[in-house]
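Colleague: Dropping a structure here in structure tokens format, bear with me for questions.
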Amino acid sequence: MSRYYGEVINLSLRDISMLKKFKIVDIKKRFLGLVKIYTVELPSKKIEEIAKDFQSNMSTSLKKEWYITFHNRERVIVIFRTRIFDLSGKGITPIHGKMLDISHAEDKENWNELISYAKKLGVPNSQCDFLPEDFSKRTY
């Protein structure tokens, strides 16, 4: 795999300028443009280091737990301020705005742990989708 895609909400970062290091593929705007969801292309080389850089730049200014997702067809990395999950993407069916369907997940135990962790932090079910709807159709 030569690249990953990252899904990053502007408010989740203390310094949004770090996104300039990467190719921005798409920007979706929500709530009158105040919330922007950036899709960035990330090199697979040093992806763990890139994940830690994003983690260290995550915002603490709002009383909300954020997560950032990096993904390709084989691997999904979900980044929280205090923990990073590295999971298999095989068998995952994302449904936008609903709890992720992991019934056919190859890595079901770790996905369950991720979902439990997110819910413990107060992430609502509707935001436990973790991946874009077109995840299984993307060309990586």
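Ligands are numbered from 1 in the order shown, chains are lettered A, B, ... in the order of the structure tokens, and residues start at 1 in each chain.
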Residues within 6 Å of range 90-95 of chain A, please, as a list in words. Count only C-alpha atoms; anything in the same chain fewer than 2 positions from it doesn't count.
Modeller: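 Within the cut-off, the hits are Ser88, Lys98, Leu100, Asp101, Ile102, His104, Ala105, Glu106, Asp129, Leu131 and Glu133 of chain A.
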Colleague: What does the file look like for those residues with N, CA and C atoms, as a JSON list (two decimals), in the first residue's frame?
Modeller:
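Result went into out_27.json, see below:
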```json
[["chain", "number", "residue", "atom", "x", "y", "z"],
["A", 88, "SER", "N", -7.20, -4.01, 11.62],
["A", 88, "SER", "CA", -7.38, -4.50, 10.26],
["A", 88, "SER", "C", -8.66, -3.88, 9.68],
["A", 98, "LYS", "N", -23.91, 6.19, 11.79],
["A", 98, "LYS", "CA", -24.39, 5.07, 12.60],
["A", 98, "LYS", "C", -23.19, 4.27, 13.11],
["A", 100, "LEU", "N", -20.51, 1.66, 13.53],
["A", 100, "LEU", "CA", -19.80, 0.86, 12.54],
["A", 100, "LEU", "C", -20.24, -0.60, 12.59],
["A", 101, "ASP", "N", -20.48, -1.20, 11.44],
["A", 101, "ASP", "CA", -20.83, -2.63, 11.38],
["A", 101, "ASP", "C", -19.55, -3.45, 11.36],
["A", 102, "ILE", "N", -19.29, -4.15, 12.47],
["A", 102, "ILE", "CA", -18.08, -4.97, 12.56],
["A", 102, "ILE", "C", -18.41, -6.46, 12.57],
["A", 104, "HIS", "N", -18.59, -8.62, 10.37],
["A", 104, "HIS", "CA", -17.73, -9.46, 9.51],
["A", 104, "HIS", "C", -16.26, -9.06, 9.62],
["A", 105, "ALA", "N", -15.93, -8.29, 10.65],
["A", 105, "ALA", "CA", -14.56, -7.80, 10.81],
["A", 105, "ALA", "C", -13.59, -8.93, 11.11],
["A", 106, "GLU", "N", -12.46, -8.87, 10.45],
["A", 106, "GLU", "CA", -11.38, -9.83, 10.71],
["A", 106, "GLU", "C", -10.80, -9.60, 12.10],
["A", 129, "ASP", "N", -18.80, 5.82, 13.66],
["A", 129, "ASP", "CA", -18.71, 5.26, 12.31],
["A", 129, "ASP", "C", -17.25, 5.15, 11.87],
["A", 131, "LEU", "N", -15.11, 5.61, 9.82],
["A", 131, "LEU", "CA", -14.61, 5.57, 8.44],
["A", 131, "LEU", "C", -15.60, 6.23, 7.49],
["A", 133, "GLU", "N", -18.05, 6.57, 4.29],
["A", 133, "GLU", "CA", -18.94, 5.58, 3.66],
["A", 133, "GLU", "C", -18.31, 4.89, 2.45]]
```
Colleague: Please provide the set of residues having any atom within 10 Å of range 41-58 of chain A, restricted to only C-alpha atoms, with same-chain residues fewer than 3 positions apart removed, written as a VMD selection string.
Modeller: chain A and resid 1 to 8 10 to 16 18 to 19 21 to 26 38 61 65 to 72 77 to 84 86 140
Colleague: Write to file, as an mmCIF file, in the first residue's frame, the residues of the selection just made, with C-alpha atoms.
Modeller:
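What follows is the written file selection.cif:
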```cif
data_model
loop_
_atom_site.group_PDB
_atom_site.id
_atom_site.type_symbol
_atom_site.label_atom_id
_atom_site.label_comp_id
_atom_site.auth_asym_id
_atom_site.auth_seq_id
_atom_site.Cartn_x
_atom_site.Cartn_y
_atom_site.Cartn_z
ATOM 1 C CA MET A 1 0.000 0.000 0.000
ATOM 2 C CA SER A 2 1.526 3.273 -1.048
ATOM 3 C CA ARG A 3 -0.730 5.666 0.811
ATOM 4 C CA TYR A 4 -3.348 6.238 3.461
ATOM 5 C CA TYR A 5 -6.200 8.668 3.633
ATOM 6 C CA GLY A 6 -6.842 10.656 6.774
ATOM 7 C CA GLU A 7 -10.154 12.106 7.920
ATOM 8 C CA VAL A 8 -9.413 15.149 10.100
ATOM 9 C CA ASN A 10 -10.374 21.199 11.745
ATOM 10 C CA LEU A 11 -11.506 21.697 15.360
ATOM 11 C CA SER A 12 -9.694 18.529 16.438
ATOM 12 C CA LEU A 13 -6.287 20.153 15.908
ATOM 13 C CA ARG A 14 -4.526 22.885 17.878
ATOM 14 C CA ASP A 15 -2.570 23.904 14.772
ATOM 15 C CA ILE A 16 -4.344 23.226 11.497
ATOM 16 C CA MET A 18 0.139 20.798 9.884
ATOM 17 C CA LEU A 19 -2.321 19.714 7.177
ATOM 18 C CA LYS A 21 2.393 19.029 4.795
ATOM 19 C CA PHE A 22 -0.011 16.663 3.037
ATOM 20 C CA LYS A 23 -2.124 16.661 -0.099
ATOM 21 C CA ILE A 24 -5.683 17.774 0.725
ATOM 22 C CA VAL A 25 -8.029 15.639 -1.369
ATOM 23 C CA ASP A 26 -11.388 16.984 -0.168
ATOM 24 C CA TYR A 38 -10.407 17.382 5.623
ATOM 25 C CA SER A 61 -9.882 23.482 24.051
ATOM 26 C CA GLU A 65 -13.215 13.959 22.673
ATOM 27 C CA TRP A 66 -11.871 13.965 19.149
ATOM 28 C CA TYR A 67 -10.527 11.175 17.024
ATOM 29 C CA ILE A 68 -8.702 11.143 13.712
ATOM 30 C CA THR A 69 -8.792 8.196 11.322
ATOM 31 C CA PHE A 70 -6.077 7.095 8.882
ATOM 32 C CA HIS A 71 -7.009 4.255 6.563
ATOM 33 C CA ASN A 72 -6.229 2.174 3.548
ATOM 34 C CA ILE A 77 -5.514 3.710 12.533
ATOM 35 C CA VAL A 78 -7.813 5.592 14.921
ATOM 36 C CA ILE A 79 -6.101 8.295 16.957
ATOM 37 C CA PHE A 80 -7.377 9.697 20.248
ATOM 38 C CA ARG A 81 -5.507 12.140 22.497
ATOM 39 C CA THR A 82 -4.469 9.347 24.855
ATOM 40 C CA ARG A 83 -4.510 6.221 22.715
ATOM 41 C CA ILE A 84 -3.923 4.981 19.173
ATOM 42 C CA ASP A 86 -4.166 -0.001 14.863
ATOM 43 C CA TYR A 140 -5.659 3.319 -2.338
#
```
Colleague: Can you tell me, as an MDAnalysis selection string, which residues in range 18-97 of chain A count as strand (DSSP E) by DSSP?
Modeller: chainID A and resid 23:30 35:43 68:71 75:79 84:88
Colleague: Those residues with N, CA and C atoms, as a PDB file, in the first residue's frame please?
Modeller:
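Dumped everything to out.pdb:
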```pdb
ATOM      1  N   LYS A  23      -1.193  16.318   0.978  1.00  0.00           N
ATOM      2  CA  LYS A  23      -2.124  16.661  -0.099  1.00  0.00           C
ATOM      3  C   LYS A  23      -3.551  16.612   0.444  1.00  0.00           C
ATOM      4  N   ILE A  24      -4.279  17.720   0.307  1.00  0.00           N
ATOM      5  CA  ILE A  24      -5.683  17.774   0.725  1.00  0.00           C
ATOM      6  C   ILE A  24      -6.526  17.341  -0.474  1.00  0.00           C
ATOM      7  N   VAL A  25      -7.249  16.242  -0.296  1.00  0.00           N
ATOM      8  CA  VAL A  25      -8.029  15.639  -1.369  1.00  0.00           C
ATOM      9  C   VAL A  25      -9.439  16.211  -1.416  1.00  0.00           C
ATOM     10  N   ASP A  26      -9.999  16.525  -0.239  1.00  0.00           N
ATOM     11  CA  ASP A  26     -11.388  16.984  -0.168  1.00  0.00           C
ATOM     12  C   ASP A  26     -11.588  17.749   1.133  1.00  0.00           C
ATOM     13  N   ILE A  27     -12.532  18.666   1.123  1.00  0.00           N
ATOM     14  CA  ILE A  27     -12.947  19.374   2.336  1.00  0.00           C
ATOM     15  C   ILE A  27     -14.468  19.401   2.343  1.00  0.00           C
ATOM     16  N   LYS A  28     -15.050  18.834   3.392  1.00  0.00           N
ATOM     17  CA  LYS A  28     -16.506  18.890   3.571  1.00  0.00           C
ATOM     18  C   LYS A  28     -16.785  19.907   4.664  1.00  0.00           C
ATOM     19  N   LYS A  29     -17.774  20.769   4.433  1.00  0.00           N
ATOM     20  CA  LYS A  29     -18.115  21.802   5.411  1.00  0.00           C
ATOM     21  C   LYS A  29     -19.432  21.470   6.086  1.00  0.00           C
ATOM     22  N   ARG A  30     -19.465  21.672   7.388  1.00  0.00           N
ATOM     23  CA  ARG A  30     -20.664  21.440   8.192  1.00  0.00           C
ATOM     24  C   ARG A  30     -20.899  22.673   9.076  1.00  0.00           C
ATOM     25  N   VAL A  35     -17.233  23.896  10.872  1.00  0.00           N
ATOM     26  CA  VAL A  35     -16.594  22.584  10.986  1.00  0.00           C
ATOM     27  C   VAL A  35     -16.211  22.141   9.583  1.00  0.00           C
ATOM     28  N   LYS A  36     -14.944  21.812   9.427  1.00  0.00           N
ATOM     29  CA  LYS A  36     -14.451  21.328   8.139  1.00  0.00           C
ATOM     30  C   LYS A  36     -13.822  19.959   8.351  1.00  0.00           C
ATOM     31  N   ILE A  37     -14.213  19.024   7.501  1.00  0.00           N
ATOM     32  CA  ILE A  37     -13.639  17.683   7.549  1.00  0.00           C
ATOM     33  C   ILE A  37     -12.701  17.557   6.352  1.00  0.00           C
ATOM     34  N   TYR A  38     -11.428  17.491   6.655  1.00  0.00           N
ATOM     35  CA  TYR A  38     -10.407  17.382   5.623  1.00  0.00           C
ATOM     36  C   TYR A  38     -10.111  15.913   5.344  1.00  0.00           C
ATOM     37  N   THR A  39     -10.057  15.556   4.076  1.00  0.00           N
ATOM     38  CA  THR A  39      -9.531  14.259   3.673  1.00  0.00           C
ATOM     39  C   THR A  39      -8.149  14.538   3.109  1.00  0.00           C
ATOM     40  N   VAL A  40      -7.133  13.958   3.741  1.00  0.00           N
ATOM     41  CA  VAL A  40      -5.758  14.182   3.325  1.00  0.00           C
ATOM     42  C   VAL A  40      -5.129  12.867   2.885  1.00  0.00           C
ATOM     43  N   GLU A  41      -4.224  12.976   1.937  1.00  0.00           N
ATOM     44  CA  GLU A  41      -3.483  11.801   1.477  1.00  0.00           C
ATOM     45  C   GLU A  41      -2.171  11.749   2.253  1.00  0.00           C
ATOM     46  N   LEU A  42      -1.875  10.584   2.812  1.00  0.00           N
ATOM     47  CA  LEU A  42      -0.701  10.417   3.667  1.00  0.00           C
ATOM     48  C   LEU A  42       0.192   9.311   3.112  1.00  0.00           C
ATOM     49  N   PRO A  43       1.517   9.504   3.163  1.00  0.00           N
ATOM     50  CA  PRO A  43       2.406   8.436   2.702  1.00  0.00           C
ATOM     51  C   PRO A  43       2.427   7.287   3.709  1.00  0.00           C
ATOM     52  N   ILE A  68      -9.131  10.980  15.096  1.00  0.00           N
ATOM     53  CA  ILE A  68      -8.702  11.143  13.712  1.00  0.00           C
ATOM     54  C   ILE A  68      -8.510   9.739  13.162  1.00  0.00           C
ATOM     55  N   THR A  69      -8.925   9.519  11.933  1.00  0.00           N
ATOM     56  CA  THR A  69      -8.792   8.196  11.322  1.00  0.00           C
ATOM     57  C   THR A  69      -7.874   8.255  10.108  1.00  0.00           C
ATOM     58  N   PHE A  70      -6.891   7.342  10.072  1.00  0.00           N
ATOM     59  CA  PHE A  70      -6.077   7.095   8.882  1.00  0.00           C
ATOM     60  C   PHE A  70      -6.488   5.724   8.372  1.00  0.00           C
ATOM     61  N   HIS A  71      -6.576   5.559   7.068  1.00  0.00           N
ATOM     62  CA  HIS A  71      -7.009   4.255   6.563  1.00  0.00           C
ATOM     63  C   HIS A  71      -6.509   3.980   5.155  1.00  0.00           C
ATOM     64  N   ARG A  75      -5.607  -1.523   6.510  1.00  0.00           N
ATOM     65  CA  ARG A  75      -5.304  -1.075   7.869  1.00  0.00           C
ATOM     66  C   ARG A  75      -6.054   0.212   8.192  1.00  0.00           C
ATOM     67  N   VAL A  76      -6.504   0.296   9.441  1.00  0.00           N
ATOM     68  CA  VAL A  76      -7.186   1.491   9.934  1.00  0.00           C
ATOM     69  C   VAL A  76      -6.500   1.904  11.232  1.00  0.00           C
ATOM     70  N   ILE A  77      -6.133   3.173  11.324  1.00  0.00           N
ATOM     71  CA  ILE A  77      -5.514   3.710  12.533  1.00  0.00           C
ATOM     72  C   ILE A  77      -6.449   4.786  13.062  1.00  0.00           C
ATOM     73  N   VAL A  78      -6.921   4.615  14.302  1.00  0.00           N
ATOM     74  CA  VAL A  78      -7.813   5.592  14.921  1.00  0.00           C
ATOM     75  C   VAL A  78      -7.043   6.224  16.075  1.00  0.00           C
ATOM     76  N   ILE A  79      -6.947   7.547  16.037  1.00  0.00           N
ATOM     77  CA  ILE A  79      -6.101   8.295  16.957  1.00  0.00           C
ATOM     78  C   ILE A  79      -6.965   9.108  17.912  1.00  0.00           C
ATOM     79  N   ILE A  84      -3.863   5.225  20.614  1.00  0.00           N
ATOM     80  CA  ILE A  84      -3.923   4.981  19.173  1.00  0.00           C
ATOM     81  C   ILE A  84      -4.274   3.511  18.955  1.00  0.00           C
ATOM     82  N   PHE A  85      -5.285   3.269  18.124  1.00  0.00           N
ATOM     83  CA  PHE A  85      -5.702   1.912  17.768  1.00  0.00           C
ATOM     84  C   PHE A  85      -5.227   1.612  16.350  1.00  0.00           C
ATOM     85  N   ASP A  86      -4.644   0.449  16.166  1.00  0.00           N
ATOM     86  CA  ASP A  86      -4.166  -0.001  14.863  1.00  0.00           C
ATOM     87  C   ASP A  86      -4.917  -1.293  14.541  1.00  0.00           C
ATOM     88  N   LEU A  87      -5.791  -1.250  13.534  1.00  0.00           N
ATOM     89  CA  LEU A  87      -6.733  -2.341  13.284  1.00  0.00           C
ATOM     90  C   LEU A  87      -6.709  -2.805  11.836  1.00  0.00           C
ATOM     91  N   SER A  88      -7.196  -4.007  11.619  1.00  0.00           N
ATOM     92  CA  SER A  88      -7.382  -4.499  10.256  1.00  0.00           C
ATOM     93  C   SER A  88      -8.663  -3.881   9.684  1.00  0.00           C
TER      94      SER A  88
END
```
Colleague: Taking only range 5-114 of chain A into account, list the residues labelled helix (DSSP H, G or I) by DSSP (computed from the backbone), as a list of chain:residue names.
Modeller: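 Matching residues, listed in order: A:Asn10, A:Leu11, A:Ser12, A:Ile16, A:Ser17, A:Met18, A:Leu19, A:Lys20, A:Lys21, A:Ile47, A:Glu48, A:Glu49, A:Ile50, A:Ala51, A:Lys52, A:Asp53, A:Phe54, A:Gln55, A:Ser56, A:Lys108, A:Glu109, A:Asn110, A:Trp111, A:Asn112, A:Glu113, A:Leu114.
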Colleague: My list of candidates is A:Ile9, A:His96, A:Thr60, A:Ser103. Which is closest to Cys128 in chain A when distances are computed with only C-alpha atoms?
Modeller: A:His96
Colleague: Looking at only C-alpha atoms, which of A:Lys63, A:Gly33, A:Ser126, A:Met99 is the one that sits closest to Asn112 in chain A?
Modeller: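 Comparing A:Lys63, A:Gly33, A:Ser126, A:Met99 against Asn112 in chain A, the winner is A:Met99.
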Colleague: With distances taken over only C-alpha atoms, which residue among A:Gly89, A:Ser116, A:Pro124, A:Asp107 lies nearest Lys64 in chain A?
Modeller: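 Smallest separation from Lys64 in chain A among the options: A:Pro124.
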